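The next block is start.txt, given as compact mmCIF, N, CA and C atoms.
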# COMPACT_ATOMS: atom_id res chain seq x y z
N MET A 2 70.00 55.14 -9.61
CA MET A 2 70.23 53.85 -10.24
C MET A 2 71.57 53.27 -9.79
N ARG A 3 71.62 51.97 -9.68
CA ARG A 3 72.80 51.27 -9.21
C ARG A 3 73.91 51.23 -10.25
N LYS A 4 75.17 51.27 -9.83
CA LYS A 4 76.29 51.20 -10.76
C LYS A 4 76.43 49.80 -11.33
N ALA A 5 76.52 48.81 -10.43
CA ALA A 5 76.70 47.43 -10.87
C ALA A 5 75.65 46.55 -10.23
N LYS A 6 75.31 45.50 -10.92
CA LYS A 6 74.34 44.55 -10.38
C LYS A 6 74.99 43.81 -9.22
N PRO A 7 74.28 43.62 -8.09
CA PRO A 7 74.89 42.93 -6.97
C PRO A 7 75.14 41.47 -7.29
N LYS A 8 76.19 40.92 -6.66
CA LYS A 8 76.53 39.52 -6.89
C LYS A 8 75.44 38.61 -6.34
N LYS A 9 75.19 37.51 -7.03
CA LYS A 9 74.19 36.54 -6.61
C LYS A 9 74.76 35.77 -5.43
N ARG A 10 73.98 35.68 -4.34
CA ARG A 10 74.45 34.92 -3.17
C ARG A 10 73.92 33.50 -3.29
N TYR A 11 74.80 32.55 -3.12
CA TYR A 11 74.40 31.14 -3.18
C TYR A 11 74.39 30.55 -1.78
N VAL A 12 73.34 29.81 -1.46
CA VAL A 12 73.23 29.21 -0.13
C VAL A 12 73.80 27.80 -0.14
N LEU A 13 74.25 27.36 1.01
CA LEU A 13 74.79 26.02 1.15
C LEU A 13 73.65 25.01 1.28
N PRO A 14 73.85 23.77 0.82
CA PRO A 14 72.79 22.77 0.97
C PRO A 14 72.56 22.40 2.43
N ASP A 15 71.33 21.94 2.74
CA ASP A 15 71.01 21.61 4.13
C ASP A 15 71.68 20.30 4.54
N PRO A 16 71.86 20.07 5.86
CA PRO A 16 72.60 18.89 6.32
C PRO A 16 71.92 17.55 6.06
N LYS A 17 70.59 17.50 6.08
CA LYS A 17 69.89 16.21 5.97
C LYS A 17 69.66 15.76 4.53
N PHE A 18 69.08 16.63 3.71
CA PHE A 18 68.72 16.26 2.35
C PHE A 18 69.73 16.72 1.29
N LYS A 19 70.71 17.52 1.69
CA LYS A 19 71.73 18.07 0.78
C LYS A 19 71.10 18.83 -0.38
N ASP A 20 70.11 19.69 -0.05
CA ASP A 20 69.36 20.43 -1.05
C ASP A 20 69.38 21.92 -0.73
N THR A 21 69.70 22.76 -1.72
CA THR A 21 69.78 24.20 -1.48
C THR A 21 68.38 24.82 -1.37
N LEU A 22 67.39 24.24 -2.03
CA LEU A 22 66.02 24.75 -1.95
C LEU A 22 65.47 24.62 -0.54
N VAL A 23 65.84 23.55 0.15
CA VAL A 23 65.44 23.34 1.55
C VAL A 23 66.04 24.45 2.41
N THR A 24 67.30 24.79 2.16
CA THR A 24 67.97 25.84 2.92
C THR A 24 67.28 27.18 2.71
N LYS A 25 66.90 27.48 1.46
CA LYS A 25 66.19 28.73 1.17
C LYS A 25 64.87 28.78 1.93
N PHE A 26 64.17 27.63 1.95
CA PHE A 26 62.89 27.55 2.64
C PHE A 26 63.08 27.79 4.14
N VAL A 27 64.09 27.13 4.71
CA VAL A 27 64.38 27.26 6.15
C VAL A 27 64.79 28.69 6.50
N ASN A 28 65.56 29.33 5.62
CA ASN A 28 65.97 30.72 5.85
C ASN A 28 64.76 31.65 5.89
N SER A 29 63.74 31.36 5.07
CA SER A 29 62.53 32.17 5.08
C SER A 29 61.67 31.87 6.30
N LEU A 30 61.75 30.64 6.77
CA LEU A 30 60.97 30.19 7.93
C LEU A 30 61.53 30.73 9.25
N MET A 31 62.83 31.05 9.23
CA MET A 31 63.56 31.41 10.45
C MET A 31 63.16 32.77 11.02
N TYR A 32 63.08 32.82 12.35
CA TYR A 32 62.86 34.07 13.09
C TYR A 32 64.09 34.37 13.93
N ASP A 33 64.51 35.63 13.97
CA ASP A 33 65.59 36.11 14.85
C ASP A 33 66.88 35.30 14.77
N GLY A 34 67.21 34.78 13.59
CA GLY A 34 68.46 34.04 13.42
C GLY A 34 68.47 32.68 14.07
N LYS A 35 67.31 32.14 14.43
CA LYS A 35 67.23 30.83 15.09
C LYS A 35 67.12 29.74 14.02
N LYS A 36 68.23 29.48 13.35
CA LYS A 36 68.22 28.56 12.23
C LYS A 36 68.01 27.11 12.65
N SER A 37 68.61 26.70 13.77
CA SER A 37 68.48 25.31 14.20
C SER A 37 67.02 24.99 14.56
N ILE A 38 66.31 25.95 15.14
CA ILE A 38 64.90 25.77 15.46
C ILE A 38 64.09 25.68 14.16
N ALA A 39 64.42 26.52 13.18
CA ALA A 39 63.73 26.49 11.88
C ALA A 39 63.94 25.15 11.18
N TYR A 40 65.18 24.62 11.24
CA TYR A 40 65.47 23.30 10.66
C TYR A 40 64.64 22.22 11.36
N THR A 41 64.56 22.29 12.69
CA THR A 41 63.78 21.30 13.46
C THR A 41 62.32 21.34 13.04
N ILE A 42 61.76 22.55 12.92
CA ILE A 42 60.36 22.70 12.51
C ILE A 42 60.15 22.09 11.13
N PHE A 43 61.04 22.41 10.20
CA PHE A 43 60.90 21.93 8.83
C PHE A 43 61.00 20.41 8.75
N TYR A 44 62.04 19.84 9.37
CA TYR A 44 62.25 18.39 9.31
C TYR A 44 61.09 17.63 9.98
N ASP A 45 60.62 18.15 11.11
CA ASP A 45 59.48 17.51 11.79
C ASP A 45 58.21 17.59 10.93
N ALA A 46 58.02 18.73 10.27
CA ALA A 46 56.86 18.89 9.38
C ALA A 46 56.93 17.91 8.22
N ILE A 47 58.13 17.72 7.66
CA ILE A 47 58.31 16.77 6.55
C ILE A 47 58.02 15.34 7.02
N ASP A 48 58.48 15.01 8.25
CA ASP A 48 58.19 13.69 8.82
C ASP A 48 56.69 13.48 9.02
N MET A 49 56.00 14.54 9.49
CA MET A 49 54.55 14.46 9.68
C MET A 49 53.83 14.28 8.35
N VAL A 50 54.31 14.96 7.32
CA VAL A 50 53.72 14.83 5.97
C VAL A 50 53.90 13.40 5.47
N ALA A 51 55.11 12.84 5.65
CA ALA A 51 55.38 11.47 5.22
C ALA A 51 54.49 10.48 5.97
N GLU A 52 54.27 10.73 7.27
CA GLU A 52 53.42 9.87 8.09
C GLU A 52 51.97 9.90 7.61
N LYS A 53 51.46 11.11 7.35
CA LYS A 53 50.06 11.27 6.98
C LYS A 53 49.76 10.79 5.57
N THR A 54 50.66 11.08 4.62
CA THR A 54 50.39 10.75 3.21
C THR A 54 50.93 9.40 2.80
N LYS A 55 51.77 8.79 3.60
CA LYS A 55 52.43 7.50 3.28
C LYS A 55 53.29 7.60 2.01
N GLU A 56 53.81 8.81 1.74
CA GLU A 56 54.71 9.04 0.61
C GLU A 56 55.98 9.70 1.13
N ASP A 57 56.95 9.93 0.23
CA ASP A 57 58.17 10.63 0.61
C ASP A 57 57.83 12.09 0.92
N GLY A 58 58.13 12.53 2.13
CA GLY A 58 57.76 13.87 2.59
C GLY A 58 58.37 14.98 1.76
N LEU A 59 59.64 14.80 1.36
CA LEU A 59 60.34 15.83 0.58
C LEU A 59 59.71 15.98 -0.80
N GLU A 60 59.30 14.87 -1.41
CA GLU A 60 58.65 14.92 -2.73
C GLU A 60 57.29 15.61 -2.65
N VAL A 61 56.55 15.34 -1.57
CA VAL A 61 55.25 15.99 -1.37
C VAL A 61 55.46 17.50 -1.21
N TRP A 62 56.52 17.88 -0.47
CA TRP A 62 56.85 19.30 -0.27
C TRP A 62 57.20 19.97 -1.60
N ARG A 63 58.01 19.28 -2.42
CA ARG A 63 58.38 19.83 -3.73
C ARG A 63 57.15 20.02 -4.61
N LYS A 64 56.25 19.02 -4.58
CA LYS A 64 55.01 19.10 -5.37
C LYS A 64 54.16 20.28 -4.89
N ALA A 65 54.09 20.44 -3.57
CA ALA A 65 53.33 21.55 -2.99
C ALA A 65 53.91 22.89 -3.42
N LEU A 66 55.23 23.00 -3.38
CA LEU A 66 55.90 24.24 -3.77
C LEU A 66 55.65 24.55 -5.24
N ASN A 67 55.69 23.52 -6.11
CA ASN A 67 55.41 23.72 -7.53
C ASN A 67 53.97 24.15 -7.76
N ASN A 68 53.04 23.64 -6.95
CA ASN A 68 51.64 24.04 -7.07
C ASN A 68 51.40 25.48 -6.64
N VAL A 69 52.24 25.96 -5.70
CA VAL A 69 52.07 27.31 -5.16
C VAL A 69 52.74 28.37 -6.04
N MET A 70 53.82 27.99 -6.73
CA MET A 70 54.58 28.96 -7.54
C MET A 70 53.73 29.59 -8.64
N PRO A 71 53.75 30.93 -8.74
CA PRO A 71 52.99 31.59 -9.80
C PRO A 71 53.75 31.56 -11.12
N SER A 72 53.02 31.54 -12.23
CA SER A 72 53.68 31.57 -13.54
C SER A 72 53.54 32.96 -14.18
N VAL A 73 52.46 33.67 -13.84
CA VAL A 73 52.20 35.01 -14.40
C VAL A 73 51.82 35.95 -13.27
N GLU A 74 52.30 37.19 -13.34
CA GLU A 74 51.87 38.22 -12.39
C GLU A 74 51.57 39.50 -13.15
N VAL A 75 50.75 40.36 -12.53
CA VAL A 75 50.43 41.62 -13.20
C VAL A 75 51.33 42.74 -12.67
N ARG A 76 51.82 43.54 -13.60
CA ARG A 76 52.66 44.69 -13.26
C ARG A 76 51.98 45.95 -13.77
N SER A 77 52.17 47.05 -13.05
CA SER A 77 51.60 48.32 -13.47
C SER A 77 52.43 48.89 -14.61
N ARG A 78 51.75 49.29 -15.67
CA ARG A 78 52.42 49.85 -16.85
C ARG A 78 51.75 51.16 -17.20
N ARG A 79 52.52 52.22 -17.25
CA ARG A 79 51.96 53.54 -17.50
C ARG A 79 52.03 53.86 -19.00
N VAL A 80 50.89 54.10 -19.59
CA VAL A 80 50.84 54.48 -21.01
C VAL A 80 50.05 55.78 -21.09
N GLY A 81 50.72 56.85 -21.50
CA GLY A 81 50.07 58.16 -21.53
C GLY A 81 49.75 58.59 -20.11
N GLY A 82 48.50 58.86 -19.83
CA GLY A 82 48.12 59.25 -18.47
C GLY A 82 47.52 58.11 -17.68
N ALA A 83 47.22 57.01 -18.37
CA ALA A 83 46.55 55.89 -17.70
C ALA A 83 47.53 54.82 -17.25
N THR A 84 47.18 54.12 -16.17
CA THR A 84 47.98 53.01 -15.67
C THR A 84 47.24 51.71 -15.95
N PHE A 85 47.91 50.79 -16.61
CA PHE A 85 47.31 49.50 -16.95
C PHE A 85 47.99 48.38 -16.17
N GLN A 86 47.21 47.33 -15.87
CA GLN A 86 47.76 46.12 -15.26
C GLN A 86 48.13 45.18 -16.39
N VAL A 87 49.43 44.98 -16.61
CA VAL A 87 49.89 44.14 -17.71
C VAL A 87 50.41 42.82 -17.16
N PRO A 88 49.86 41.68 -17.63
CA PRO A 88 50.37 40.39 -17.17
C PRO A 88 51.77 40.11 -17.74
N THR A 89 52.67 39.70 -16.86
CA THR A 89 54.04 39.38 -17.30
C THR A 89 54.47 38.04 -16.73
N GLU A 90 55.41 37.41 -17.42
CA GLU A 90 55.99 36.14 -16.97
C GLU A 90 56.84 36.39 -15.73
N VAL A 91 56.84 35.46 -14.79
CA VAL A 91 57.61 35.61 -13.56
C VAL A 91 58.97 34.94 -13.75
N ARG A 92 60.05 35.62 -13.34
CA ARG A 92 61.39 35.04 -13.42
C ARG A 92 61.48 33.80 -12.51
N PRO A 93 62.27 32.80 -12.88
CA PRO A 93 62.34 31.55 -12.10
C PRO A 93 62.74 31.73 -10.63
N ASP A 94 63.71 32.59 -10.34
CA ASP A 94 64.13 32.80 -8.95
C ASP A 94 63.05 33.52 -8.14
N ARG A 95 62.34 34.44 -8.78
CA ARG A 95 61.23 35.14 -8.11
C ARG A 95 60.07 34.18 -7.89
N LYS A 96 59.87 33.27 -8.83
CA LYS A 96 58.82 32.27 -8.74
C LYS A 96 58.99 31.42 -7.47
N THR A 97 60.21 30.92 -7.26
CA THR A 97 60.47 30.08 -6.09
C THR A 97 60.35 30.89 -4.80
N SER A 98 60.89 32.11 -4.80
CA SER A 98 60.84 32.90 -3.56
C SER A 98 59.41 33.28 -3.20
N LEU A 99 58.57 33.59 -4.19
CA LEU A 99 57.17 33.89 -3.92
C LEU A 99 56.44 32.67 -3.39
N GLY A 100 56.71 31.51 -4.01
CA GLY A 100 56.09 30.26 -3.56
C GLY A 100 56.44 29.93 -2.13
N ILE A 101 57.72 30.09 -1.78
CA ILE A 101 58.19 29.84 -0.41
C ILE A 101 57.51 30.79 0.57
N LYS A 102 57.50 32.08 0.23
CA LYS A 102 56.90 33.09 1.11
C LYS A 102 55.42 32.81 1.37
N TRP A 103 54.69 32.48 0.30
CA TRP A 103 53.26 32.24 0.44
C TRP A 103 52.97 31.00 1.26
N LEU A 104 53.76 29.93 1.03
CA LEU A 104 53.56 28.69 1.77
C LEU A 104 53.76 28.91 3.27
N ILE A 105 54.81 29.66 3.62
CA ILE A 105 55.10 29.94 5.03
C ILE A 105 54.06 30.89 5.62
N LYS A 106 53.69 31.92 4.87
CA LYS A 106 52.72 32.90 5.35
C LYS A 106 51.39 32.25 5.71
N TYR A 107 50.89 31.42 4.80
CA TYR A 107 49.58 30.80 5.05
C TYR A 107 49.66 29.65 6.04
N ALA A 108 50.84 29.07 6.20
CA ALA A 108 51.02 28.06 7.26
C ALA A 108 50.95 28.75 8.62
N ARG A 109 51.54 29.94 8.72
CA ARG A 109 51.51 30.70 9.98
C ARG A 109 50.10 31.16 10.33
N MET A 110 49.28 31.39 9.31
CA MET A 110 47.92 31.87 9.55
C MET A 110 46.96 30.75 9.98
N ARG A 111 47.39 29.50 9.84
CA ARG A 111 46.53 28.37 10.24
C ARG A 111 46.38 28.30 11.75
N ASN A 112 45.31 27.65 12.20
CA ASN A 112 45.05 27.58 13.64
C ASN A 112 45.32 26.19 14.24
N ASP A 113 46.46 25.60 13.87
CA ASP A 113 46.85 24.33 14.48
C ASP A 113 47.64 24.60 15.76
N LYS A 114 47.96 23.54 16.49
CA LYS A 114 48.67 23.68 17.78
C LYS A 114 50.06 24.29 17.61
N THR A 115 50.90 23.61 16.82
CA THR A 115 52.29 24.06 16.68
C THR A 115 52.59 24.43 15.23
N MET A 116 53.72 25.09 15.03
CA MET A 116 54.12 25.49 13.67
C MET A 116 54.39 24.26 12.81
N LYS A 117 54.91 23.18 13.43
CA LYS A 117 55.16 21.95 12.67
C LYS A 117 53.87 21.44 12.05
N GLU A 118 52.81 21.41 12.86
CA GLU A 118 51.51 20.92 12.38
C GLU A 118 50.93 21.85 11.32
N CYS A 119 51.06 23.15 11.54
CA CYS A 119 50.56 24.14 10.58
C CYS A 119 51.24 23.96 9.23
N LEU A 120 52.57 23.85 9.27
CA LEU A 120 53.35 23.72 8.04
C LEU A 120 53.04 22.40 7.34
N ALA A 121 52.94 21.33 8.11
CA ALA A 121 52.64 20.01 7.54
C ALA A 121 51.27 20.02 6.86
N SER A 122 50.26 20.58 7.51
CA SER A 122 48.92 20.58 6.93
C SER A 122 48.83 21.49 5.71
N GLU A 123 49.58 22.60 5.71
CA GLU A 123 49.60 23.50 4.55
C GLU A 123 50.31 22.83 3.37
N ILE A 124 51.38 22.08 3.64
CA ILE A 124 52.11 21.36 2.59
C ILE A 124 51.21 20.30 1.96
N ILE A 125 50.51 19.55 2.81
CA ILE A 125 49.61 18.50 2.31
C ILE A 125 48.50 19.11 1.45
N ALA A 126 47.91 20.21 1.94
CA ALA A 126 46.84 20.88 1.21
C ALA A 126 47.34 21.41 -0.14
N ALA A 127 48.53 22.02 -0.13
CA ALA A 127 49.09 22.60 -1.36
C ALA A 127 49.47 21.51 -2.37
N SER A 128 49.92 20.36 -1.88
CA SER A 128 50.29 19.27 -2.80
C SER A 128 49.06 18.70 -3.50
N LYS A 129 47.90 18.81 -2.84
CA LYS A 129 46.64 18.36 -3.45
C LYS A 129 46.02 19.44 -4.32
N GLY A 130 46.60 20.63 -4.32
CA GLY A 130 46.05 21.74 -5.10
C GLY A 130 44.98 22.50 -4.36
N GLU A 131 44.98 22.38 -3.03
CA GLU A 131 44.01 23.09 -2.19
C GLU A 131 44.77 24.06 -1.30
N GLY A 132 44.06 24.66 -0.33
CA GLY A 132 44.72 25.51 0.66
C GLY A 132 44.81 26.97 0.23
N ALA A 133 45.12 27.80 1.21
CA ALA A 133 45.14 29.25 1.00
C ALA A 133 46.30 29.69 0.10
N ALA A 134 47.45 29.01 0.20
CA ALA A 134 48.62 29.39 -0.60
C ALA A 134 48.36 29.16 -2.09
N VAL A 135 47.67 28.08 -2.42
CA VAL A 135 47.36 27.80 -3.82
C VAL A 135 46.31 28.80 -4.33
N LYS A 136 45.39 29.17 -3.45
CA LYS A 136 44.36 30.15 -3.80
C LYS A 136 45.00 31.51 -4.13
N LYS A 137 46.05 31.87 -3.39
CA LYS A 137 46.79 33.12 -3.59
C LYS A 137 47.40 33.17 -4.99
N LYS A 138 47.89 32.03 -5.44
CA LYS A 138 48.50 31.93 -6.78
C LYS A 138 47.53 32.42 -7.82
In structure tokens, write the structure found in this file.
Amino acid sequence: MRKAKPKKRYVLPDPKFKDTLVTKFVNSLMYDGKKSIAYTIFYDAIDMVAEKTKEDGLEVWRKALNNVMPSVEVRSRRVGGATFQVPTEVRPDRKTSLGIKWLIKYARMRNDKTMKECLASEIIAASKGEGAAVKKK
């Protein structure tokens, strides 16, 4: 068991939208420390979403993320000799991180040409309450 709880790390807001949630998303999207490429992919995907839906791309992304975030998850609970699946409330920080991970995971699994297109189409689908990431929830 740990002596002290580790300090919470806070991320800096992104350069374009000045939002820390965008930075968290980009950090999860990033491969091999290529942050500038991850930012380019994200910003281009948001522009594509705005083009396709004729709405604010960032708002559509936020709506998609809220649709993907889980509210309840099952945890294993041992009582006597049996193990039960007990539904528990998800902590807010875990909720966002799971939503981000699922959105990126299922965007990568799509069969579009580029990652920008994959991410844009997954965001649009999730904002409508469709897509694989929402199904995972």
So which residues of chain A fall under helix (DSSP H, G or I) by DSSP, listed as JSON, numbers by chain? {"A": [21, 22, 23, 24, 25, 26, 27, 28, 29, 30, 36, 37, 38, 39, 40, 41, 42, 43, 44, 45, 46, 47, 48, 49, 50, 51, 52, 53, 54, 58, 59, 60, 61, 62, 63, 64, 65, 66, 67, 68, 69, 93, 94, 95, 96, 97, 98, 99, 100, 101, 102, 103, 104, 105, 106, 107, 108, 109, 116, 117, 118, 119, 120, 121, 122, 123, 124, 125, 126, 127, 128, 133, 134, 135, 136, 137]}
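CA of Leu99 (chain A) sits 21.7 Å away from CA of Lys35 (chain A).
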So which residues touch Ser72 (chain A) within 6.5 Å, counting only N, CA and C atoms, skipping near sequence neighbours fewer than 5 positions away, as a VMD selection string? chain A and resid 89 to 91
Hey, which of A:Lys64, A:Lys106, A:Arg10, A:Arg95 ends up closest to Ile124 (chain A)? Count only C-alpha atoms.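 That would be A:Lys64, the residue with the smallest distance to Ile124 (chain A).
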Looking only at strand (DSSP E) from DSSP on the backbone, list the matching residues of chain A as number ranges by chain. A: 73-80, 83-90
Export, as a PDB file, in the frame of the given file, the selected residues with N, CA and C atoms.
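Contents of out-v5.pdb, freshly written:
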ATOM      1  N   VAL A  73      52.460  33.670 -13.840  1.00  0.00           N
ATOM      2  CA  VAL A  73      52.200  35.010 -14.400  1.00  0.00           C
ATOM      3  C   VAL A  73      51.820  35.950 -13.270  1.00  0.00           C
ATOM      4  N   GLU A  74      52.300  37.190 -13.340  1.00  0.00           N
ATOM      5  CA  GLU A  74      51.870  38.220 -12.390  1.00  0.00           C
ATOM      6  C   GLU A  74      51.570  39.500 -13.150  1.00  0.00           C
ATOM      7  N   VAL A  75      50.750  40.360 -12.530  1.00  0.00           N
ATOM      8  CA  VAL A  75      50.430  41.620 -13.200  1.00  0.00           C
ATOM      9  C   VAL A  75      51.330  42.740 -12.670  1.00  0.00           C
ATOM     10  N   ARG A  76      51.820  43.540 -13.600  1.00  0.00           N
ATOM     11  CA  ARG A  76      52.660  44.690 -13.260  1.00  0.00           C
ATOM     12  C   ARG A  76      51.980  45.950 -13.770  1.00  0.00           C
ATOM     13  N   SER A  77      52.170  47.050 -13.050  1.00  0.00           N
ATOM     14  CA  SER A  77      51.600  48.320 -13.470  1.00  0.00           C
ATOM     15  C   SER A  77      52.430  48.890 -14.610  1.00  0.00           C
ATOM     16  N   ARG A  78      51.750  49.290 -15.670  1.00  0.00           N
ATOM     17  CA  ARG A  78      52.420  49.850 -16.850  1.00  0.00           C
ATOM     18  C   ARG A  78      51.750  51.160 -17.200  1.00  0.00           C
ATOM     19  N   ARG A  79      52.520  52.220 -17.250  1.00  0.00           N
ATOM     20  CA  ARG A  79      51.960  53.540 -17.500  1.00  0.00           C
ATOM     21  C   ARG A  79      52.030  53.860 -19.000  1.00  0.00           C
ATOM     22  N   VAL A  80      50.890  54.100 -19.590  1.00  0.00           N
ATOM     23  CA  VAL A  80      50.840  54.480 -21.010  1.00  0.00           C
ATOM     24  C   VAL A  80      50.050  55.780 -21.090  1.00  0.00           C
ATOM     25  N   ALA A  83      47.220  57.010 -18.370  1.00  0.00           N
ATOM     26  CA  ALA A  83      46.550  55.890 -17.700  1.00  0.00           C
ATOM     27  C   ALA A  83      47.530  54.820 -17.250  1.00  0.00           C
ATOM     28  N   THR A  84      47.180  54.120 -16.170  1.00  0.00           N
ATOM     29  CA  THR A  84      47.980  53.010 -15.670  1.00  0.00           C
ATOM     30  C   THR A  84      47.240  51.710 -15.950  1.00  0.00           C
ATOM     31  N   PHE A  85      47.910  50.790 -16.610  1.00  0.00           N
ATOM     32  CA  PHE A  85      47.310  49.500 -16.950  1.00  0.00           C
ATOM     33  C   PHE A  85      47.990  48.380 -16.170  1.00  0.00           C
ATOM     34  N   GLN A  86      47.210  47.330 -15.870  1.00  0.00           N
ATOM     35  CA  GLN A  86      47.760  46.120 -15.260  1.00  0.00           C
ATOM     36  C   GLN A  86      48.130  45.180 -16.390  1.00  0.00           C
ATOM     37  N   VAL A  87      49.430  44.980 -16.610  1.00  0.00           N
ATOM     38  CA  VAL A  87      49.890  44.140 -17.710  1.00  0.00           C
ATOM     39  C   VAL A  87      50.410  42.820 -17.160  1.00  0.00           C
ATOM     40  N   PRO A  88      49.860  41.680 -17.630  1.00  0.00           N
ATOM     41  CA  PRO A  88      50.370  40.390 -17.170  1.00  0.00           C
ATOM     42  C   PRO A  88      51.770  40.110 -17.740  1.00  0.00           C
ATOM     43  N   THR A  89      52.670  39.700 -16.860  1.00  0.00           N
ATOM     44  CA  THR A  89      54.040  39.380 -17.300  1.00  0.00           C
ATOM     45  C   THR A  89      54.470  38.040 -16.730  1.00  0.00           C
ATOM     46  N   GLU A  90      55.410  37.410 -17.420  1.00  0.00           N
ATOM     47  CA  GLU A  90      55.990  36.140 -16.970  1.00  0.00           C
ATOM     48  C   GLU A  90      56.840  36.390 -15.730  1.00  0.00           C
TER      49      GLU A  90
END
Need the neighbours of (46.8, 23.1, 2.9): which residues are at most 12 Å away, counting only C-alpha atoms, as a VMD selection string? chain A and resid 50 61 to 62 65 to 66 68 to 69 103 to 113 118 to 137
5 Å per side around region 26-42 of chain A: axis-aligned box centre and edge lengths, as lines of an AutoDock Vina configuration file:
center_x = 64.4
center_y = 28.7
center_z = 8.7
size_x = 18.5
size_y = 24.8
size_z = 23.5
Counting only C-alpha atoms, note down every residue that has an atom within 12 Å of the point (63.2, 22.5, 13.0) (file coordinates), as a tab-separated table (two decimals) with N, CA and C atoms, keeping the file's coordinate frame.
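Here's the written file result19.tsv:
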chain	number	residue	atom	x	y	z
A	15	ASP	N	71.33	21.94	2.74
A	15	ASP	CA	71.01	21.61	4.13
A	15	ASP	C	71.68	20.30	4.54
A	17	LYS	N	70.59	17.50	6.08
A	17	LYS	CA	69.89	16.21	5.97
A	17	LYS	C	69.66	15.76	4.53
A	23	VAL	N	65.84	23.55	0.15
A	23	VAL	CA	65.44	23.34	1.55
A	23	VAL	C	66.04	24.45	2.41
A	24	THR	N	67.30	24.79	2.16
A	24	THR	CA	67.97	25.84	2.92
A	24	THR	C	67.28	27.18	2.71
A	26	PHE	N	64.17	27.63	1.95
A	26	PHE	CA	62.89	27.55	2.64
A	26	PHE	C	63.08	27.79	4.14
A	27	VAL	N	64.09	27.13	4.71
A	27	VAL	CA	64.38	27.26	6.15
A	27	VAL	C	64.79	28.69	6.50
A	28	ASN	N	65.56	29.33	5.62
A	28	ASN	CA	65.97	30.72	5.85
A	28	ASN	C	64.76	31.65	5.89
A	30	LEU	N	61.75	30.64	6.77
A	30	LEU	CA	60.97	30.19	7.93
A	30	LEU	C	61.53	30.73	9.25
A	31	MET	N	62.83	31.05	9.23
A	31	MET	CA	63.56	31.41	10.45
A	31	MET	C	63.16	32.77	11.02
A	32	TYR	N	63.08	32.82	12.35
A	32	TYR	CA	62.86	34.07	13.09
A	32	TYR	C	64.09	34.37	13.93
A	35	LYS	N	67.31	32.14	14.43
A	35	LYS	CA	67.23	30.83	15.09
A	35	LYS	C	67.12	29.74	14.02
A	36	LYS	N	68.23	29.48	13.35
A	36	LYS	CA	68.22	28.56	12.23
A	36	LYS	C	68.01	27.11	12.65
A	37	SER	N	68.61	26.70	13.77
A	37	SER	CA	68.48	25.31	14.20
A	37	SER	C	67.02	24.99	14.56
A	38	ILE	N	66.31	25.95	15.14
A	38	ILE	CA	64.90	25.77	15.46
A	38	ILE	C	64.09	25.68	14.16
A	39	ALA	N	64.42	26.52	13.18
A	39	ALA	CA	63.73	26.49	11.88
A	39	ALA	C	63.94	25.15	11.18
A	40	TYR	N	65.18	24.62	11.24
A	40	TYR	CA	65.47	23.30	10.66
A	40	TYR	C	64.64	22.22	11.36
A	41	THR	N	64.56	22.29	12.69
A	41	THR	CA	63.78	21.30	13.46
A	41	THR	C	62.32	21.34	13.04
A	42	ILE	N	61.76	22.55	12.92
A	42	ILE	CA	60.36	22.70	12.51
A	42	ILE	C	60.15	22.09	11.13
A	43	PHE	N	61.04	22.41	10.20
A	43	PHE	CA	60.90	21.93	8.83
A	43	PHE	C	61.00	20.41	8.75
A	44	TYR	N	62.04	19.84	9.37
A	44	TYR	CA	62.25	18.39	9.31
A	44	TYR	C	61.09	17.63	9.98
A	45	ASP	N	60.62	18.15	11.11
A	45	ASP	CA	59.48	17.51	11.79
A	45	ASP	C	58.21	17.59	10.93
A	46	ALA	N	58.02	18.73	10.27
A	46	ALA	CA	56.86	18.89	9.38
A	46	ALA	C	56.93	17.91	8.22
A	47	ILE	N	58.13	17.72	7.66
A	47	ILE	CA	58.31	16.77	6.55
A	47	ILE	C	58.02	15.34	7.02
A	48	ASP	N	58.48	15.01	8.25
A	48	ASP	CA	58.19	13.69	8.82
A	48	ASP	C	56.69	13.48	9.02
A	115	THR	N	50.90	23.61	16.82
A	115	THR	CA	52.29	24.06	16.68
A	115	THR	C	52.59	24.43	15.23
A	116	MET	N	53.72	25.09	15.03
A	116	MET	CA	54.12	25.49	13.67
A	116	MET	C	54.39	24.26	12.81
A	117	LYS	N	54.91	23.18	13.43
A	117	LYS	CA	55.16	21.95	12.67
A	117	LYS	C	53.87	21.44	12.05
A	118	GLU	N	52.81	21.41	12.86
A	118	GLU	CA	51.51	20.92	12.38
A	118	GLU	C	50.93	21.85	11.32
A	120	LEU	N	52.57	23.85	9.27
A	120	LEU	CA	53.35	23.72	8.04
A	120	LEU	C	53.04	22.40	7.34
What does the structure give for the distance between CA of Asp33 (chain A) and CA of Lys138 (chain A), in Å to one decimal?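 CA of Lys138 (chain A) lies at a distance of 27.9 Å from CA of Asp33 (chain A).
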Using only N, CA and C atoms for the distances, tell me which of A:Leu59, A:Ser98, A:Lys114, A:Gly81 is nearest to Lys25 (chain A).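 Of all the options, A:Ser98 lies closest to Lys25 (chain A).
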One decimal, Å: what's the distance from CA of Gln86 (chain A) over to CA of Gly100 (chain A), could you say? 21.4 Å
Non-local contacts of Pro88 (chain A) (9 Å; only C-alpha atoms; under 3 positions in same chain excluded) as a count of residues only: 5
